[in-house]
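Undergrad: Next up, entry-v4.cif (mmCIF, C-alpha atoms).
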data_coords
#
loop_
_atom_site.label_atom_id
_atom_site.label_comp_id
_atom_site.auth_asym_id
_atom_site.auth_seq_id
_atom_site.Cartn_x
_atom_site.Cartn_y
_atom_site.Cartn_z
CA MET A 1 -5.97 -53.80 -47.68
CA PRO A 2 -3.59 -51.62 -45.64
CA ARG A 3 -4.25 -47.95 -45.40
CA MET A 4 -1.76 -45.62 -46.90
CA LYS A 5 -1.17 -42.19 -45.56
CA ILE A 6 -1.32 -39.42 -48.02
CA ILE A 7 1.21 -36.77 -47.25
CA ASN A 8 -0.06 -33.29 -47.76
CA PRO A 9 2.71 -30.89 -48.74
CA GLU A 10 1.15 -28.06 -46.66
CA LYS A 11 1.00 -30.12 -43.48
CA PRO A 12 4.65 -29.65 -42.40
CA LYS A 13 4.21 -25.91 -42.82
CA ASP A 14 1.15 -25.97 -40.57
CA LEU A 15 3.01 -28.15 -38.10
CA ASN A 16 5.91 -25.71 -37.96
CA GLU A 17 3.52 -22.80 -37.44
CA LEU A 18 1.76 -24.75 -34.70
CA GLN A 19 5.05 -25.54 -32.95
CA THR A 20 6.12 -21.90 -33.20
CA SER A 21 2.78 -20.79 -31.82
CA LEU A 22 2.95 -23.27 -28.96
CA SER A 23 6.51 -22.21 -28.18
CA LYS A 24 5.45 -18.55 -27.96
CA LEU A 25 2.47 -19.52 -25.81
CA ASP A 26 4.75 -21.50 -23.49
CA GLN A 27 7.14 -18.55 -23.13
CA ARG A 28 4.22 -16.23 -22.38
CA LEU A 29 2.82 -18.60 -19.74
CA GLN A 30 6.24 -18.91 -18.12
CA GLY A 31 6.45 -15.11 -17.98
CA ILE A 32 3.00 -14.88 -16.37
CA ALA A 33 3.96 -17.57 -13.84
CA ALA A 34 7.16 -15.66 -12.98
CA ASP A 35 5.16 -12.43 -12.57
CA MET A 36 2.70 -14.18 -10.25
CA GLU A 37 5.56 -15.52 -8.16
CA ARG A 38 7.03 -12.01 -7.87
CA THR A 39 3.70 -10.56 -6.70
CA GLN A 40 3.29 -13.38 -4.17
CA ILE A 41 -0.30 -13.99 -5.24
CA ALA A 42 -0.27 -17.47 -3.69
CA GLU A 43 0.51 -16.08 -0.24
CA TYR A 44 -2.25 -13.47 -0.67
CA VAL A 45 -4.83 -16.11 -1.62
CA ASP A 46 -3.67 -18.24 1.30
CA LEU A 47 -4.15 -15.26 3.62
CA LEU A 48 -7.65 -14.66 2.26
CA ASN A 49 -8.53 -18.28 3.00
CA ARG A 50 -7.57 -17.82 6.69
CA PRO A 51 -9.81 -15.04 8.05
CA ARG A 52 -8.46 -15.18 11.62
CA THR A 53 -4.92 -14.47 10.41
CA LEU A 54 -6.22 -11.68 8.17
CA ILE A 55 -8.16 -10.07 11.04
CA TRP A 56 -5.17 -10.36 13.40
CA ARG A 57 -2.78 -8.75 10.90
CA ASN A 58 -5.23 -5.92 10.18
CA LEU A 59 -5.75 -5.35 13.92
CA LEU A 60 -2.00 -5.09 14.49
CA ALA A 61 -1.56 -2.82 11.46
CA GLY A 62 -4.38 -0.52 12.62
CA THR A 63 -2.98 -0.34 16.14
CA ALA A 64 0.48 0.49 14.81
CA ARG A 65 -0.95 3.22 12.57
CA GLY A 66 -2.92 4.69 15.48
CA VAL A 67 0.10 4.77 17.77
CA GLY A 68 2.23 6.26 14.99
CA ILE A 69 -0.31 9.00 14.32
CA ALA A 70 -0.56 9.80 18.04
CA ILE A 71 3.22 10.03 18.44
CA GLY A 72 3.56 12.09 15.26
CA PHE A 73 0.81 14.52 16.24
CA THR A 74 2.27 14.91 19.74
CA PHE A 75 5.69 15.72 18.29
CA PHE A 76 4.16 18.15 15.78
CA ALA A 77 2.03 19.92 18.41
CA ALA A 78 4.97 20.18 20.82
CA THR A 79 7.12 21.70 18.09
CA ILE A 80 4.43 24.23 17.17
CA LEU A 81 3.92 25.19 20.83
CA TYR A 82 7.67 25.57 21.28
CA VAL A 83 7.91 27.88 18.26
CA LEU A 84 4.88 29.88 19.45
CA ARG A 85 6.44 30.27 22.90
CA ILE A 86 9.65 31.62 21.34
CA LEU A 87 7.65 34.01 19.15
CA GLY A 88 5.66 35.12 22.19
CA ALA A 89 8.85 35.92 24.04
CA LEU A 90 9.92 38.27 21.25
CA ASN A 91 6.95 40.56 21.99
CA LEU A 92 6.13 41.19 18.34
CA PRO A 93 3.20 43.63 18.14
CA ILE A 94 0.62 41.77 16.03
CA ILE A 95 1.86 38.21 16.39
CA GLY A 96 2.45 38.59 20.14
CA ASP A 97 -1.20 39.52 20.82
CA TYR A 98 -2.42 36.66 18.66
CA ILE A 99 -0.13 34.16 20.42
CA ALA A 100 -1.15 35.52 23.84
CA ASP A 101 -4.81 34.88 22.93
CA ILE A 102 -3.99 31.34 21.88
CA VAL A 103 -2.02 30.68 25.09
CA ARG A 104 -4.85 32.13 27.18
CA ILE A 105 -7.43 29.90 25.43
CA VAL A 106 -5.25 26.80 25.92
CA GLN A 107 -4.75 27.60 29.62
CA ILE A 108 -8.48 28.08 30.15
CA GLN A 109 -9.19 24.75 28.43
CA LEU A 110 -6.57 23.01 30.56
CA GLU A 111 -8.15 24.36 33.74
CA GLY A 112 -11.49 22.98 32.62
CA LYS A 113 -13.24 26.30 32.35
CA THR A 114 -15.36 27.29 29.38
CA PHE A 115 -15.26 30.66 27.64
#
Represent the structure from my file as structure tokens, please.
TA:
Amino acid sequence: MPRMKIINPEKPKDLNELQTSLSKLDQRLQGIAADMERTQIAEYVDLLNRPRTLIWRNLLAGTARGVGIAIGFTFFAATILYVLRILGALNLPIIGDYIADIVRIVQIQLEGKTF
């Protein structure tokens, strides 16, 4: 005796809802995949799996930051000293004495003497 399928009238409705749900899920997964590609997560995970490369890149980055800070501080200090020298040349009463004290302290430190 062959089996006969009984068609449930609600089944196509459930099938349509399931297809709609799967379509939305597929669109969402494609969006997540596109976001992951934009953030380059695969390259980051690959970098984490190669510790030598990670250490080398961090060493170079730290060295570059250190050199940049040293150059920036040197430029900043030179600019401040230049401005102080100009202000000292103006012989302003209060500021001139203060700047003269600073210059005297710096000169003593450069000569290697202590206070």
Undergrad: Restricting the calculation to all atoms listed in the file: of A:Thr63, A:Leu54, A:Gly112, A:Leu84, which residue gets closest to Ala100 (chain A)?
TA: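 Looking only at the distances to Ala100 (chain A), the closest residue turns out to be A:Leu84.
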Undergrad: If we count all atoms listed in the file, what is near Gly88 (chain A) at a cut-off of 8 Å, once residues fewer than 5 positions away on the same chain are taken out, given as JSON, numbers by chain?
TA: {"A": [95, 96, 99, 100]}
Undergrad: What's the separation between CA of Ile102 (chain A) and CA of Leu81 (chain A), in Å to one decimal place?
TA: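 Between these atoms lies a distance of 10.1 Å.
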Undergrad: Can you work out the spacing between CA of Leu15 (chain A) and CA of Ala33 (chain A) in Å, to one decimal?
TA: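 Computing the Euclidean distance for CA of Leu15 (chain A) and CA of Ala33 (chain A) yields 26.5 Å.
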